[in-house]
$ cat model-v3.cif   # mmCIF, C-alpha atoms
data_structure
#
loop_
_atom_site.label_atom_id
_atom_site.label_comp_id
_atom_site.auth_asym_id
_atom_site.auth_seq_id
_atom_site.Cartn_x
_atom_site.Cartn_y
_atom_site.Cartn_z
CA MET A 205 0.33 -31.14 57.01
CA GLU A 206 1.12 -27.77 55.52
CA SER A 207 1.33 -27.42 51.78
CA GLY A 208 3.89 -25.18 50.15
CA PRO A 209 3.09 -21.79 48.62
CA PRO A 210 1.01 -21.79 45.43
CA PRO A 211 3.02 -22.11 42.23
CA ALA A 212 4.21 -18.92 40.58
CA SER A 213 1.54 -19.20 37.90
CA ASP A 214 -1.17 -18.96 40.60
CA ARG A 215 0.25 -15.91 42.35
CA ILE A 216 0.53 -12.31 41.15
CA CYS A 217 2.87 -9.73 42.58
CA LEU A 218 1.18 -6.31 42.62
CA PRO A 219 3.90 -3.70 42.11
CA LEU A 220 1.73 -1.51 39.90
CA LEU A 221 -1.03 -1.14 42.48
CA ASN A 222 1.61 0.03 44.94
CA GLN A 223 2.70 2.49 42.22
CA ARG A 224 6.17 0.98 42.18
CA ARG A 225 7.06 2.34 45.60
CA ASN A 226 10.29 4.34 45.50
CA GLY A 227 10.29 3.72 41.75
CA ALA A 228 11.26 0.07 42.21
CA PHE A 229 9.91 -3.33 41.33
CA CYS A 230 11.41 -6.80 41.00
CA GLY A 231 13.92 -6.17 43.77
CA GLU A 232 15.28 -2.90 42.37
CA SER A 233 15.11 -1.24 45.79
CA GLU A 234 17.17 -2.32 48.77
CA LYS A 235 13.99 -3.71 50.33
CA GLY A 236 13.31 -6.17 47.53
CA CYS A 237 9.72 -7.11 46.68
CA GLY A 238 7.57 -6.67 49.76
CA HIS A 239 4.23 -6.77 47.91
CA GLY A 240 1.44 -9.21 48.71
CA THR A 241 -0.38 -11.89 46.75
CA THR A 242 -3.85 -11.87 45.27
CA ARG A 243 -5.02 -15.44 45.93
CA PRO A 244 -7.01 -15.83 49.19
CA GLY A 245 -5.15 -17.96 51.67
CA ALA A 246 -1.80 -17.61 49.94
CA PRO A 247 1.04 -16.62 52.28
CA SER A 248 1.70 -12.90 52.38
CA CYS A 249 5.12 -11.36 51.93
CA PRO A 250 7.29 -10.72 54.97
CA ALA A 251 7.62 -7.17 56.22
CA GLU A 252 9.61 -5.03 53.83
CA ASP A 253 12.11 -4.09 56.51
CA GLY A 254 13.11 -7.75 56.74
CA ALA A 255 13.41 -8.34 53.01
CA PRO A 256 16.88 -9.21 51.73
CA LYS A 257 18.98 -6.69 49.92
CA THR A 258 19.56 -7.32 46.26
CA GLN A 259 22.86 -8.43 44.82
CA PRO A 260 24.15 -8.32 41.23
CA GLY A 261 22.38 -10.94 39.12
CA MET A 262 19.86 -11.59 41.85
CA ARG A 263 16.83 -10.90 39.67
CA ASP A 264 17.50 -13.85 37.39
CA THR A 265 18.40 -16.49 39.97
CA GLN A 266 16.82 -15.69 43.33
CA ASN A 267 13.40 -15.03 44.81
CA GLY A 268 11.90 -11.85 46.19
CA ALA A 269 10.49 -11.51 49.68
CA CYS A 270 7.15 -12.90 48.50
CA GLY A 271 8.82 -16.11 47.31
CA LEU A 272 8.45 -15.41 43.59
CA PRO A 273 11.46 -15.19 41.28
CA TYR A 274 12.50 -11.66 40.38
CA ARG A 275 12.22 -12.57 36.70
CA PHE A 276 8.61 -13.59 37.31
CA HIS A 277 7.94 -10.19 38.89
CA CYS A 278 9.18 -8.52 35.69
CA GLU A 279 6.93 -10.67 33.52
CA ILE A 280 3.88 -9.95 35.64
CA PHE A 281 4.67 -6.22 35.68
CA LEU A 282 4.74 -6.13 31.89
CA GLN A 283 1.49 -8.11 31.67
CA VAL A 284 -0.28 -5.72 34.06
CA CYS A 285 0.96 -2.70 32.13
CA SER A 286 -0.15 -4.12 28.78
CA SER A 287 -3.61 -4.85 30.16
CA PHE A 288 -4.18 -1.13 30.65
CA ALA A 289 -4.10 -0.48 26.88
CA THR A 290 -7.41 -1.17 25.19
CA GLU A 291 -6.15 -0.62 21.64
CA PRO A 292 -3.45 -2.26 19.48
CA ARG A 293 -0.10 -0.52 19.40
CA GLN A 294 1.11 1.69 16.54
CA LYS A 295 2.88 -0.87 14.35
CA ASP A 296 5.10 1.48 12.35
CA GLY A 297 6.42 5.01 12.46
CA THR A 298 4.22 6.42 9.68
CA LEU A 299 2.97 9.85 10.68
CA TYR A 300 0.69 12.47 9.17
CA GLU A 301 1.28 16.18 9.47
CA PHE A 302 -1.81 18.38 9.54
CA ARG A 303 -1.03 21.87 8.26
CA THR A 304 -3.41 24.82 8.38
CA TYR A 305 -2.61 28.11 6.65
CA TYR A 306 -4.58 31.24 7.38
CA LEU A 307 -4.31 33.48 4.34
CA LYS A 308 -4.66 37.21 4.08
CA SER A 309 -8.01 38.51 2.88
CA SER A 310 -8.43 38.51 -0.91
CA LYS A 311 -5.24 36.41 -1.36
CA MET A 312 -6.83 32.95 -1.30
CA ASN A 313 -7.13 32.45 -5.06
CA GLU A 314 -3.66 33.80 -5.74
CA PHE A 315 -2.11 31.44 -3.19
CA LEU A 316 -3.93 28.37 -4.54
CA GLU A 317 -3.03 29.18 -8.15
CA ASN A 318 0.63 29.54 -7.20
CA PHE A 319 0.59 26.23 -5.35
CA LYS A 320 -1.16 24.48 -8.22
CA LYS A 321 1.59 25.56 -10.62
CA ASN A 322 4.36 24.42 -8.29
CA VAL A 323 2.86 21.48 -6.41
CA HIS A 324 5.11 19.03 -8.31
CA LEU A 325 8.15 20.68 -6.72
CA ARG A 326 6.80 19.94 -3.25
CA THR A 327 5.46 16.43 -3.89
CA ALA A 328 8.86 15.43 -5.29
CA HIS A 329 10.01 15.35 -1.66
CA SER A 330 7.08 13.72 0.20
CA GLU A 331 3.53 12.47 -0.29
CA LEU A 332 0.60 14.84 -0.25
CA VAL A 333 -2.53 13.08 1.07
CA GLY A 334 -5.01 15.88 0.51
CA TYR A 335 -5.35 19.65 0.09
CA TRP A 336 -8.57 21.53 0.82
CA SER A 337 -10.00 25.00 1.20
CA VAL A 338 -12.20 25.49 4.26
CA GLU A 339 -15.79 26.33 3.33
CA PHE A 340 -17.47 26.30 6.76
CA GLY A 341 -16.19 26.13 10.31
CA GLY A 342 -13.94 28.75 11.82
CA ARG A 343 -12.00 31.51 10.17
CA MET A 344 -12.39 32.36 6.49
CA ASN A 345 -9.55 32.27 3.91
CA LYS A 346 -8.07 29.06 5.27
CA VAL A 347 -6.47 26.02 3.62
CA PHE A 348 -5.87 22.63 5.21
CA HIS A 349 -3.50 19.93 3.97
CA ILE A 350 -2.16 16.55 5.12
CA TRP A 351 1.36 15.25 4.43
CA LYS A 352 2.56 11.68 4.97
CA TYR A 353 6.02 10.72 6.30
CA ASP A 354 7.59 7.33 6.99
CA ASN A 355 8.86 8.53 10.39
CA PHE A 356 10.32 11.59 12.09
CA ALA A 357 13.73 11.07 10.47
CA HIS A 358 12.06 11.11 7.06
CA ARG A 359 10.29 14.39 7.83
CA THR A 360 13.54 15.97 9.02
CA ALA A 361 15.29 14.89 5.82
CA VAL A 362 12.47 16.33 3.71
CA ARG A 363 12.60 19.68 5.50
CA LYS A 364 16.36 19.88 4.97
CA ALA A 365 15.98 19.00 1.29
CA LEU A 366 13.30 21.67 0.80
CA ALA A 367 15.55 24.29 2.39
CA LYS A 368 18.17 23.47 -0.25
CA ASP A 369 15.72 23.25 -3.17
CA LYS A 370 16.29 26.58 -4.93
CA GLU A 371 13.51 26.02 -7.45
CA TRP A 372 10.95 25.43 -4.66
CA GLN A 373 12.25 28.35 -2.65
CA GLU A 374 12.32 30.84 -5.53
CA GLN A 375 9.22 29.83 -7.45
CA PHE A 376 6.80 29.23 -4.58
CA LEU A 377 7.95 29.72 -1.03
CA ILE A 378 9.46 33.19 -1.11
CA PRO A 379 6.76 34.78 -3.34
CA ASN A 380 3.92 33.26 -1.28
CA LEU A 381 5.12 33.86 2.27
CA ALA A 382 3.68 37.37 2.04
CA LEU A 383 0.21 35.90 1.41
CA ILE A 384 0.18 33.81 4.61
CA ASP A 385 -1.05 35.39 7.83
CA LYS A 386 -0.62 32.40 10.17
CA GLN A 387 0.47 28.74 10.08
CA GLU A 388 -0.36 25.79 12.35
CA SER A 389 1.00 22.25 12.42
CA GLU A 390 -0.01 19.03 14.19
CA ILE A 391 1.66 15.62 14.08
CA THR A 392 -0.80 12.73 14.11
CA TYR A 393 -0.93 8.95 13.76
CA LEU A 394 -3.66 6.91 12.18
CA VAL A 395 -5.37 4.91 14.91
CA PRO A 396 -4.37 1.22 14.63
CA TRP A 397 -7.89 0.07 13.70
CA CYS A 398 -8.12 2.37 10.70
CA LYS A 399 -6.42 2.91 7.36
CA ILE A 400 -6.96 5.70 4.84
CA GLU A 401 -9.82 4.90 2.48
CA ARG A 402 -9.90 6.78 -0.82
CA PRO A 403 -13.40 7.62 -2.05
CA ALA A 404 -14.43 6.20 -5.42
CA LYS A 405 -15.70 9.55 -6.69
CA GLU A 406 -15.42 13.25 -6.01
CA GLY A 407 -17.26 14.90 -3.15
CA ILE A 408 -16.75 17.11 -0.12
CA TYR A 409 -15.02 16.32 3.16
CA GLU A 410 -15.72 16.97 6.80
CA LEU A 411 -12.99 17.11 9.44
CA ALA A 412 -14.60 16.49 12.83
CA THR A 413 -12.28 17.17 15.76
CA PHE A 414 -13.00 15.69 19.19
CA GLN A 415 -11.26 16.85 22.35
CA MET A 416 -11.40 13.85 24.66
CA LYS A 417 -10.83 13.66 28.41
CA PRO A 418 -7.24 13.04 29.55
CA GLY A 419 -6.31 9.36 29.72
CA GLY A 420 -5.81 8.46 26.09
CA PRO A 421 -7.31 5.52 24.17
CA ALA A 422 -7.02 3.31 27.27
CA LEU A 423 -9.85 5.41 28.72
CA TRP A 424 -12.06 6.27 25.76
CA GLY A 425 -10.72 4.28 22.79
CA ASN A 426 -13.29 1.48 22.66
CA ALA A 427 -16.29 3.77 23.09
CA PHE A 428 -15.02 6.15 20.41
CA LYS A 429 -14.34 3.28 18.01
CA ARG A 430 -17.89 1.96 18.47
CA ALA A 431 -19.39 5.38 17.76
CA VAL A 432 -17.40 5.76 14.54
CA HIS A 433 -18.13 2.25 13.30
CA THR A 434 -21.83 2.57 14.05
CA HIS A 435 -22.10 5.59 11.77
CA VAL A 436 -20.18 3.79 9.02
CA ASN A 437 -21.94 0.43 9.32
CA ARG A 438 -25.36 2.06 9.15
CA GLY A 439 -24.38 3.80 5.90
CA TYR A 440 -24.79 7.39 7.01
CA THR A 441 -21.32 8.47 5.91
CA LYS A 442 -18.02 7.19 4.51
CA LEU A 443 -14.90 7.15 6.65
CA VAL A 444 -11.58 8.33 5.20
CA GLY A 445 -9.39 8.17 8.31
CA VAL A 446 -9.17 8.59 12.08
CA PHE A 447 -6.11 10.38 13.44
CA HIS A 448 -4.82 10.73 17.01
CA THR A 449 -2.68 13.76 17.83
CA GLU A 450 0.90 13.07 18.91
CA TYR A 451 2.17 16.67 18.90
CA GLY A 452 -0.29 19.50 19.39
CA VAL A 453 -3.26 19.49 21.74
CA LEU A 454 -3.19 16.03 23.33
CA ASN A 455 -6.17 13.68 23.67
CA ARG A 456 -7.48 15.09 20.38
CA VAL A 457 -8.92 12.85 17.67
CA HIS A 458 -9.63 13.95 14.10
CA VAL A 459 -12.14 12.03 11.99
CA LEU A 460 -12.07 12.72 8.25
CA TRP A 461 -15.40 11.92 6.55
CA TRP A 462 -16.38 11.93 2.88
CA HIS A 463 -19.81 13.05 1.66
CA GLU A 464 -21.24 13.25 -1.81
CA SER A 465 -22.39 16.81 -1.09
CA ALA A 466 -23.18 19.12 1.79
CA ASP A 467 -26.87 18.24 1.39
CA THR A 468 -26.32 14.47 1.58
CA ARG A 469 -24.21 15.08 4.66
CA ALA A 470 -27.08 17.03 6.26
CA SER A 471 -29.72 14.39 5.42
CA GLY A 472 -27.51 11.55 6.67
CA ARG A 473 -26.88 13.39 9.90
CA HIS A 474 -30.60 13.96 10.50
CA GLU A 475 -31.39 10.29 9.87
CA SER A 476 -28.61 9.11 12.18
CA HIS A 477 -30.05 11.19 15.03
CA GLU A 478 -33.17 9.03 14.87
CA ASP A 479 -31.30 5.71 14.74
CA PRO A 480 -31.32 4.09 18.21
CA ARG A 481 -28.06 2.23 17.54
CA VAL A 482 -26.23 5.43 16.66
CA VAL A 483 -27.78 7.29 19.57
CA ALA A 484 -26.69 4.58 22.03
CA ALA A 485 -23.11 4.51 20.72
CA VAL A 486 -22.82 8.30 20.78
CA ARG A 487 -24.22 8.53 24.31
CA GLU A 488 -21.52 6.15 25.50
CA SER A 489 -18.75 8.06 23.73
CA VAL A 490 -19.78 11.54 24.91
CA ASN A 491 -19.11 10.49 28.50
CA TYR A 492 -15.44 10.98 27.60
CA LEU A 493 -15.88 14.08 25.40
CA GLU A 494 -14.89 17.60 26.43
CA SER A 495 -15.58 19.52 23.21
CA GLN A 496 -15.88 19.09 19.47
CA GLN A 497 -15.78 21.15 16.30
CA ASN A 498 -15.82 20.55 12.57
CA MET A 499 -14.92 22.03 9.19
CA LEU A 500 -16.44 21.48 5.77
CA LEU A 501 -13.59 21.02 3.29
CA ILE A 502 -13.61 21.49 -0.50
CA PRO A 503 -10.81 19.57 -2.25
CA THR A 504 -8.59 21.60 -4.57
CA SER A 505 -8.03 20.56 -8.17
CA PHE A 506 -4.56 19.25 -7.26
CA SER A 507 -5.61 17.33 -4.14
CA PRO A 508 -5.05 13.54 -4.33
CA LEU A 509 -8.22 13.07 -2.25
CA LYS A 510 -11.04 14.46 -4.38
#

$ encode --input "model-v3.cif" --output "C-alpha coordinates"
Amino acid sequence: MESGPPPASDRICLPLLNQRRNGAFCGESEKGCGHGTTRPGAPSCPAEDGAPKTQPGMRDTQNGACGLPYRFHCEIFLQVCSSFATEPRQKDGTLYEFRTYYLKSSKMNEFLENFKKNVHLRTAHSELVGYWSVEFGGRMNKVFHIWKYDNFAHRTAVRKALAKDKEWQEQFLIPNLALIDKQESEITYLVPWCKIERPAKEGIYELATFQMKPGGPALWGNAFKRAVHTHVNRGYTKLVGVFHTEYGVLNRVHVLWWHESADTRASGRHESHEDPRVVAAVRESVNYLESQQNMLLIPTSFSPLK
(Lines of atoms letter the chains of each structure in order from A and count residues from 1; the text may use other names and numbers.)
(Lines give C-alpha, C1' and ligand atoms only; values in the text may rest on other atoms or scores of the structure.)
Protein backbone atom coordinates (compact mmCIF):
# COMPACT_ATOMS: atom_id res chain seq x y z
CA MET A 1 0.00 0.00 0.00
CA GLU A 2 1.50 3.26 -1.14
CA SER A 3 1.85 6.08 1.33
CA GLY A 4 1.26 9.67 0.33
CA PRO A 5 4.05 12.21 -0.23
CA PRO A 6 5.97 13.35 2.86
CA PRO A 7 4.43 16.30 4.68
CA ALA A 8 5.51 19.78 3.62
CA SER A 9 7.69 20.12 6.71
CA ASP A 10 9.79 17.13 5.55
CA ARG A 11 10.33 18.34 2.00
CA ILE A 12 12.34 21.29 0.70
CA CYS A 13 11.89 22.90 -2.68
CA LEU A 14 15.28 23.97 -4.08
CA PRO A 15 14.70 27.09 -6.18
CA LEU A 16 17.92 28.74 -5.05
CA LEU A 17 20.14 25.87 -6.17
CA ASN A 18 18.52 26.15 -9.60
CA GLN A 19 19.34 29.88 -9.41
CA ARG A 20 15.67 30.75 -9.74
CA ARG A 21 15.49 29.63 -13.36
CA ASN A 22 14.11 32.38 -15.59
CA GLY A 23 14.04 34.56 -12.48
CA ALA A 24 11.06 32.68 -11.06
CA PHE A 25 10.17 30.72 -7.96
CA CYS A 26 6.94 29.74 -6.24
CA GLY A 27 5.09 29.44 -9.55
CA GLU A 28 6.07 32.87 -10.89
CA SER A 29 6.91 31.41 -14.30
CA GLU A 30 4.38 29.79 -16.60
CA LYS A 31 5.97 26.43 -15.80
CA GLY A 32 5.27 26.61 -12.09
CA CYS A 33 7.65 24.92 -9.64
CA GLY A 34 9.38 22.05 -11.40
CA HIS A 35 12.14 21.63 -8.78
CA GLY A 36 12.85 18.36 -6.97
CA THR A 37 12.87 17.31 -3.33
CA THR A 38 15.77 16.64 -1.02
CA ARG A 39 14.52 13.64 0.97
CA PRO A 40 15.62 10.26 -0.49
CA GLY A 41 12.66 8.30 -1.74
CA ALA A 42 10.34 11.28 -1.86
CA PRO A 43 8.47 11.64 -5.16
CA SER A 44 10.15 13.96 -7.62
CA CYS A 45 8.37 16.78 -9.40
CA PRO A 46 6.77 16.14 -12.78
CA ALA A 47 8.52 17.44 -15.86
CA GLU A 48 8.40 21.21 -16.05
CA ASP A 49 6.74 21.14 -19.45
CA GLY A 50 3.74 19.43 -17.86
CA ALA A 51 3.45 21.76 -14.89
CA PRO A 52 0.27 23.81 -14.69
CA LYS A 53 0.24 27.46 -15.56
CA THR A 54 -0.31 29.85 -12.71
CA GLN A 55 -3.49 31.80 -12.19
CA PRO A 56 -4.16 34.90 -10.08
CA GLY A 57 -4.14 34.01 -6.39
CA MET A 58 -2.74 30.58 -7.12
CA ARG A 59 0.27 30.97 -4.83
CA ASP A 60 -1.83 31.18 -1.69
CA THR A 61 -4.34 28.41 -2.38
CA GLN A 62 -2.86 25.82 -4.75
CA ASN A 63 0.14 23.54 -5.01
CA GLY A 64 3.13 23.66 -7.32
CA ALA A 65 4.17 20.81 -9.57
CA CYS A 66 6.10 19.21 -6.72
CA GLY A 67 2.96 19.03 -4.59
CA LEU A 68 3.97 21.75 -2.13
CA PRO A 69 1.88 24.89 -1.63
CA TYR A 70 3.23 27.97 -3.38
CA ARG A 71 3.20 29.80 -0.05
CA PHE A 72 5.43 27.07 1.38
CA HIS A 73 7.86 27.59 -1.51
CA CYS A 74 8.13 31.28 -0.56
CA GLU A 75 8.82 30.45 3.08
CA ILE A 76 11.52 27.95 2.19
CA PHE A 77 13.10 30.38 -0.28
CA LEU A 78 13.40 33.02 2.44
CA GLN A 79 14.85 30.49 4.89
CA VAL A 80 17.48 29.36 2.39
CA CYS A 81 18.45 32.95 1.62
CA SER A 82 18.77 33.87 5.29
CA SER A 83 20.98 30.86 5.94
CA PHE A 84 23.62 32.33 3.63
CA ALA A 85 24.24 35.27 6.00
CA THR A 86 26.61 34.43 8.82
CA GLU A 87 26.22 37.73 10.66
CA PRO A 88 23.26 39.58 12.22
CA ARG A 89 21.62 42.23 10.09
CA GLN A 90 22.20 45.97 10.48
CA LYS A 91 19.45 46.88 12.94
CA ASP A 92 19.23 50.61 12.25
CA GLY A 93 20.26 53.14 9.66
CA THR A 94 23.09 54.74 11.68
CA LEU A 95 26.05 55.38 9.41
CA TYR A 96 29.55 56.75 9.82
CA GLU A 97 31.27 58.90 7.24
CA PHE A 98 35.05 58.59 7.02
CA ARG A 99 36.60 61.78 5.66
CA THR A 100 40.25 62.19 4.73
CA TYR A 101 41.71 65.58 3.81
CA TYR A 102 45.10 65.88 2.17
CA LEU A 103 46.46 69.31 3.01
CA LYS A 104 48.98 71.40 1.17
CA SER A 105 52.53 71.31 2.50
CA SER A 106 53.17 73.67 5.42
CA LYS A 107 49.41 74.34 5.83
CA MET A 108 48.61 71.60 8.35
CA ASN A 109 48.86 73.70 11.51
CA GLU A 110 46.94 76.60 9.99
CA PHE A 111 44.09 74.31 8.93
CA LEU A 112 43.83 72.62 12.35
CA GLU A 113 43.88 75.95 14.21
CA ASN A 114 41.09 77.28 12.00
CA PHE A 115 39.01 74.17 12.57
CA LYS A 116 39.60 74.28 16.31
CA LYS A 117 38.23 77.83 16.47
CA ASN A 118 35.16 76.97 14.43
CA VAL A 119 34.45 73.32 15.28
CA HIS A 120 31.35 74.33 17.29
CA LEU A 121 29.77 75.66 14.08
CA ARG A 122 30.13 72.25 12.45
CA THR A 123 29.16 70.07 15.42
CA ALA A 124 25.96 72.10 15.82
CA HIS A 125 24.70 70.16 12.79
CA SER A 126 25.92 66.59 13.40
CA GLU A 127 28.05 64.50 15.75
CA LEU A 128 31.80 64.38 15.41
CA VAL A 129 33.14 60.99 16.56
CA GLY A 130 36.85 61.73 16.24
CA TYR A 131 39.39 63.95 14.49
CA TRP A 132 43.03 62.95 14.01
CA SER A 133 46.21 63.94 12.24
CA VAL A 134 48.01 61.09 10.49
CA GLU A 135 51.46 60.44 11.98
CA PHE A 136 52.51 57.30 10.07
CA GLY A 137 51.10 55.43 7.10
CA GLY A 138 50.74 56.97 3.68
CA ARG A 139 50.96 60.56 2.61
CA MET A 140 52.07 63.33 4.96
CA ASN A 141 49.96 66.39 5.89
CA LYS A 142 46.76 64.40 6.22
CA VAL A 143 43.80 64.58 8.62
CA PHE A 144 41.18 61.92 9.19
CA HIS A 145 37.77 62.39 10.82
CA ILE A 146 34.59 60.38 11.45
CA TRP A 147 31.06 61.82 11.45
CA LYS A 148 27.94 60.04 12.69
CA TYR A 149 24.49 60.29 11.04
CA ASP A 150 21.16 58.69 11.93
CA ASN A 151 20.58 57.69 8.28
CA PHE A 152 21.10 58.96 4.75
CA ALA A 153 18.20 61.41 5.03
CA HIS A 154 19.84 62.92 8.10
CA ARG A 155 23.14 63.38 6.27
CA THR A 156 21.38 65.02 3.32
CA ALA A 157 19.60 67.43 5.67
CA VAL A 158 22.88 68.29 7.40
CA ARG A 159 24.63 69.02 4.10
CA LYS A 160 21.79 71.31 3.04
CA ALA A 161 21.87 73.11 6.38
CA LEU A 162 25.64 73.63 6.15
CA ALA A 163 25.27 75.11 2.68
CA LYS A 164 22.90 77.70 4.15
CA ASP A 165 24.96 78.36 7.30
CA LYS A 166 26.64 81.67 6.46
CA GLU A 167 28.73 81.72 9.63
CA TRP A 168 30.19 78.28 8.83
CA GLN A 169 30.73 79.18 5.21
CA GLU A 170 32.39 82.54 5.86
CA GLN A 171 34.43 81.77 8.96
CA PHE A 172 35.77 78.33 8.06
CA LEU A 173 34.86 76.77 4.76
CA ILE A 174 35.72 79.48 2.27
CA PRO A 175 39.01 80.57 3.95
CA ASN A 176 40.20 76.96 4.33
CA LEU A 177 39.32 75.49 0.95
CA ALA A 178 42.57 76.90 -0.40
CA LEU A 179 44.52 74.83 2.15
CA ILE A 180 43.05 71.49 1.02
CA ASP A 181 44.71 69.61 -1.82
CA LYS A 182 42.39 66.57 -1.97
CA GLN A 183 39.35 65.11 -0.18
CA GLU A 184 38.07 61.54 0.16
CA SER A 185 34.87 60.17 1.67
CA GLU A 186 33.62 56.69 2.59
CA ILE A 187 30.26 55.66 4.05
CA THR A 188 30.50 52.85 6.57
CA TYR A 189 28.39 50.91 9.05
CA LEU A 190 29.48 49.51 12.37
CA VAL A 191 29.44 45.73 12.12
CA PRO A 192 26.46 44.34 14.11
CA TRP A 193 28.66 42.62 16.71
CA CYS A 194 30.46 45.82 17.67
CA LYS A 195 29.70 49.19 19.20
CA ILE A 196 31.99 52.18 19.63
CA GLU A 197 33.99 51.94 22.85
CA ARG A 198 35.44 55.18 24.21
CA PRO A 199 38.84 54.78 25.88
CA ALA A 200 39.09 55.76 29.54
CA LYS A 201 42.20 57.87 28.99
CA GLU A 202 44.12 59.62 26.25
CA GLY A 203 46.35 57.72 23.85
CA ILE A 204 47.01 57.16 20.18
CA TYR A 205 44.90 55.34 17.60
CA GLU A 206 45.55 52.91 14.80
CA LEU A 207 43.23 52.54 11.81
CA ALA A 208 43.88 49.13 10.25
CA THR A 209 42.19 48.66 6.88
CA PHE A 210 41.61 45.17 5.47
CA GLN A 211 40.65 44.53 1.86
CA MET A 212 38.79 41.23 1.95
CA LYS A 213 37.92 38.87 -0.90
CA PRO A 214 34.59 39.50 -2.66
CA GLY A 215 31.64 37.78 -0.99
CA GLY A 216 30.99 39.97 2.02
CA PRO A 217 30.60 38.89 5.67
CA ALA A 218 28.81 35.71 4.56
CA LEU A 219 32.20 34.54 3.29
CA TRP A 220 34.72 35.94 5.76
CA GLY A 221 32.70 37.48 8.61
CA ASN A 222 33.09 34.76 11.24
CA ALA A 223 36.83 34.29 10.66
CA PHE A 224 37.44 38.04 10.81
CA LYS A 225 35.38 38.39 13.99
CA ARG A 226 37.39 35.62 15.68
CA ALA A 227 40.69 37.28 14.75
CA VAL A 228 39.58 40.63 16.20
CA HIS A 229 38.17 39.15 19.39
CA THR A 230 41.26 37.03 19.97
CA HIS A 231 43.47 40.13 20.00
CA VAL A 232 41.08 41.91 22.37
CA ASN A 233 40.46 38.98 24.72
CA ARG A 234 44.18 38.34 25.12
CA GLY A 235 44.69 41.98 26.16
CA TYR A 236 47.07 43.03 23.41
CA THR A 237 45.03 46.06 22.36
CA LYS A 238 41.74 47.89 22.96
CA LEU A 239 39.05 47.94 20.29
CA VAL A 240 37.22 51.18 19.50
CA GLY A 241 35.12 50.05 16.53
CA VAL A 242 34.89 47.84 13.43
CA PHE A 243 33.40 49.42 10.31
CA HIS A 244 32.29 47.83 7.03
CA THR A 245 32.32 50.01 3.91
CA GLU A 246 28.96 50.63 2.24
CA TYR A 247 30.10 53.26 -0.28
CA GLY A 248 33.71 53.32 -1.40
CA VAL A 249 35.88 50.29 -2.07
CA LEU A 250 33.63 47.32 -1.27
CA ASN A 251 34.59 44.33 0.91
CA ARG A 252 36.74 46.70 2.98
CA VAL A 253 36.78 46.59 6.78
CA HIS A 254 38.29 49.26 9.02
CA VAL A 255 39.32 48.40 12.57
CA LEU A 256 39.98 51.33 14.89
CA TRP A 257 42.30 50.42 17.79
CA TRP A 258 43.39 52.43 20.83
CA HIS A 259 46.89 52.21 22.30
CA GLU A 260 48.43 53.97 25.25
CA SER A 261 51.42 54.91 23.07
CA ALA A 262 53.19 53.88 19.90
CA ASP A 263 55.65 51.87 22.01
CA THR A 264 52.95 49.90 23.85
CA ARG A 265 51.38 49.19 20.49
CA ALA A 266 54.70 47.81 19.22
CA SER A 267 55.31 45.63 22.29
CA GLY A 268 51.75 44.27 22.23
CA ARG A 269 52.08 43.42 18.57
CA HIS A 270 55.34 41.54 19.13
CA GLU A 271 53.84 39.53 21.99
CA SER A 272 50.73 38.66 19.98
CA HIS A 273 52.89 37.20 17.20
CA GLU A 274 54.11 34.60 19.68
CA ASP A 275 50.65 33.74 21.02
CA PRO A 276 49.42 30.48 19.41
CA ARG A 277 45.76 31.48 19.82
CA VAL A 278 46.27 34.74 17.97
CA VAL A 279 48.38 33.07 15.31
CA ALA A 280 45.70 30.43 14.69
CA ALA A 281 42.91 33.00 14.42
CA VAL A 282 44.93 35.21 12.08
CA ARG A 283 45.89 32.29 9.85
CA GLU A 284 42.23 31.47 9.39
CA SER A 285 41.29 35.07 8.60
CA VAL A 286 44.09 35.71 6.09
CA ASN A 287 42.64 33.04 3.82
CA TYR A 288 40.07 35.69 2.89
CA LEU A 289 42.45 38.68 2.87
CA GLU A 290 43.67 40.44 -0.27
CA SER A 291 45.62 43.35 1.23
CA GLN A 292 45.91 45.49 4.33
CA GLN A 293 47.32 48.82 5.43
CA ASN A 294 47.29 50.98 8.53
CA MET A 295 47.73 54.51 9.84
CA LEU A 296 48.89 55.78 13.22
CA LEU A 297 46.54 58.57 14.28
CA ILE A 298 47.14 61.38 16.80
CA PRO A 299 43.90 62.84 18.20
CA THR A 300 43.53 66.61 17.94
CA SER A 301 42.74 68.73 20.99
CA PHE A 302 39.12 69.07 19.84
CA SER A 303 38.57 65.38 19.03
CA PRO A 304 35.87 63.67 21.16
CA LEU A 305 37.96 60.46 21.03
CA LYS A 306 41.21 61.31 22.80

$ resolve_selection --input "model-v3.cif" --expression "the PyMOL selection byres ((chain A and resi 372-386) around 8)" --output "PyMOL selection string"
chain A and resi 305-308+311+315+318-319+322+325-326+366-367+369-371+387-388

$ closest_residue --input "model-v3.cif" --among "A:Trp424, A:Tyr451, A:Tyr492, A:Trp351" --to "Phe302 (chain A)" --atoms "only C-alpha atoms"
A:Trp351

$ closest_residue --input "model-v3.cif" --among "A:Val323, A:Leu299, A:Ala485, A:Leu394" --to "Thr504 (chain A)" --atoms "all atoms listed in the file"
A:Val323

$ resolve_selection --input "model-v3.cif" --expression "the PyMOL selection byres ((chain A and resi 423) around 12)" --output "list in words"
Phe288, Ala289, Thr290, Glu291, Met416, Lys417, Pro418, Gly419, Gly420, Pro421, Ala422, Trp424, Gly425, Asn426, Ala427, Phe428, Lys429, Asn455, Ser489, Asn491, Tyr492 and Leu493 of chain A

$ resolve_selection --input "model-v3.cif" --expression "the PyMOL selection byres ((chain A and resi 500) around 8)" --output "PyMOL selection string"
chain A and resi 338-341+408-411+498-499+501-502

$ atom_distance --input "model-v3.cif" --atom1 "CA of Leu460 (chain A)" --atom2 "CA of Gly445 (chain A)"
5.3 Å

$ atom_distance --input "model-v3.cif" --atom1 "CA of Tyr335 (chain A)" --atom2 "CA of Ser471 (chain A)"
25.5 Å

$ closest_residue --input "model-v3.cif" --among "A:Cys398, A:Val436, A:Val333, A:Leu443" --to "Phe348 (chain A)" --atoms "only C-alpha atoms"
A:Val333

$ atom_distance --input "model-v3.cif" --atom1 "CA of Thr327 (chain A)" --atom2 "CA of Ala357 (chain A)"
17.4 Å

$ residues_near_point --input "model-v3.cif" --point "(-12.0, 19.1, 17.1)" --cutoff "6 Å" --atoms "only C-alpha atoms" --output "list in words"
Ala412, Thr413, Phe414, Gln415, Gln496 and Gln497 of chain A

$ axis_aligned_box --input "model-v3.cif" --around "region 365-382 of chain A" --padding-each-side "3 Å" --output "AutoDock Vina command-line options"
--center_x 10.9 --center_y 28.2 --center_z -2.5 --size_x 20.5 --size_y 24.4 --size_z 15.8

$ closest_residue --input "model-v3.cif" --among "A:Ile400, A:Asn345, A:Val457, A:Arg473" --to "Glu314 (chain A)" --atoms "all atoms listed in the file"
A:Asn345
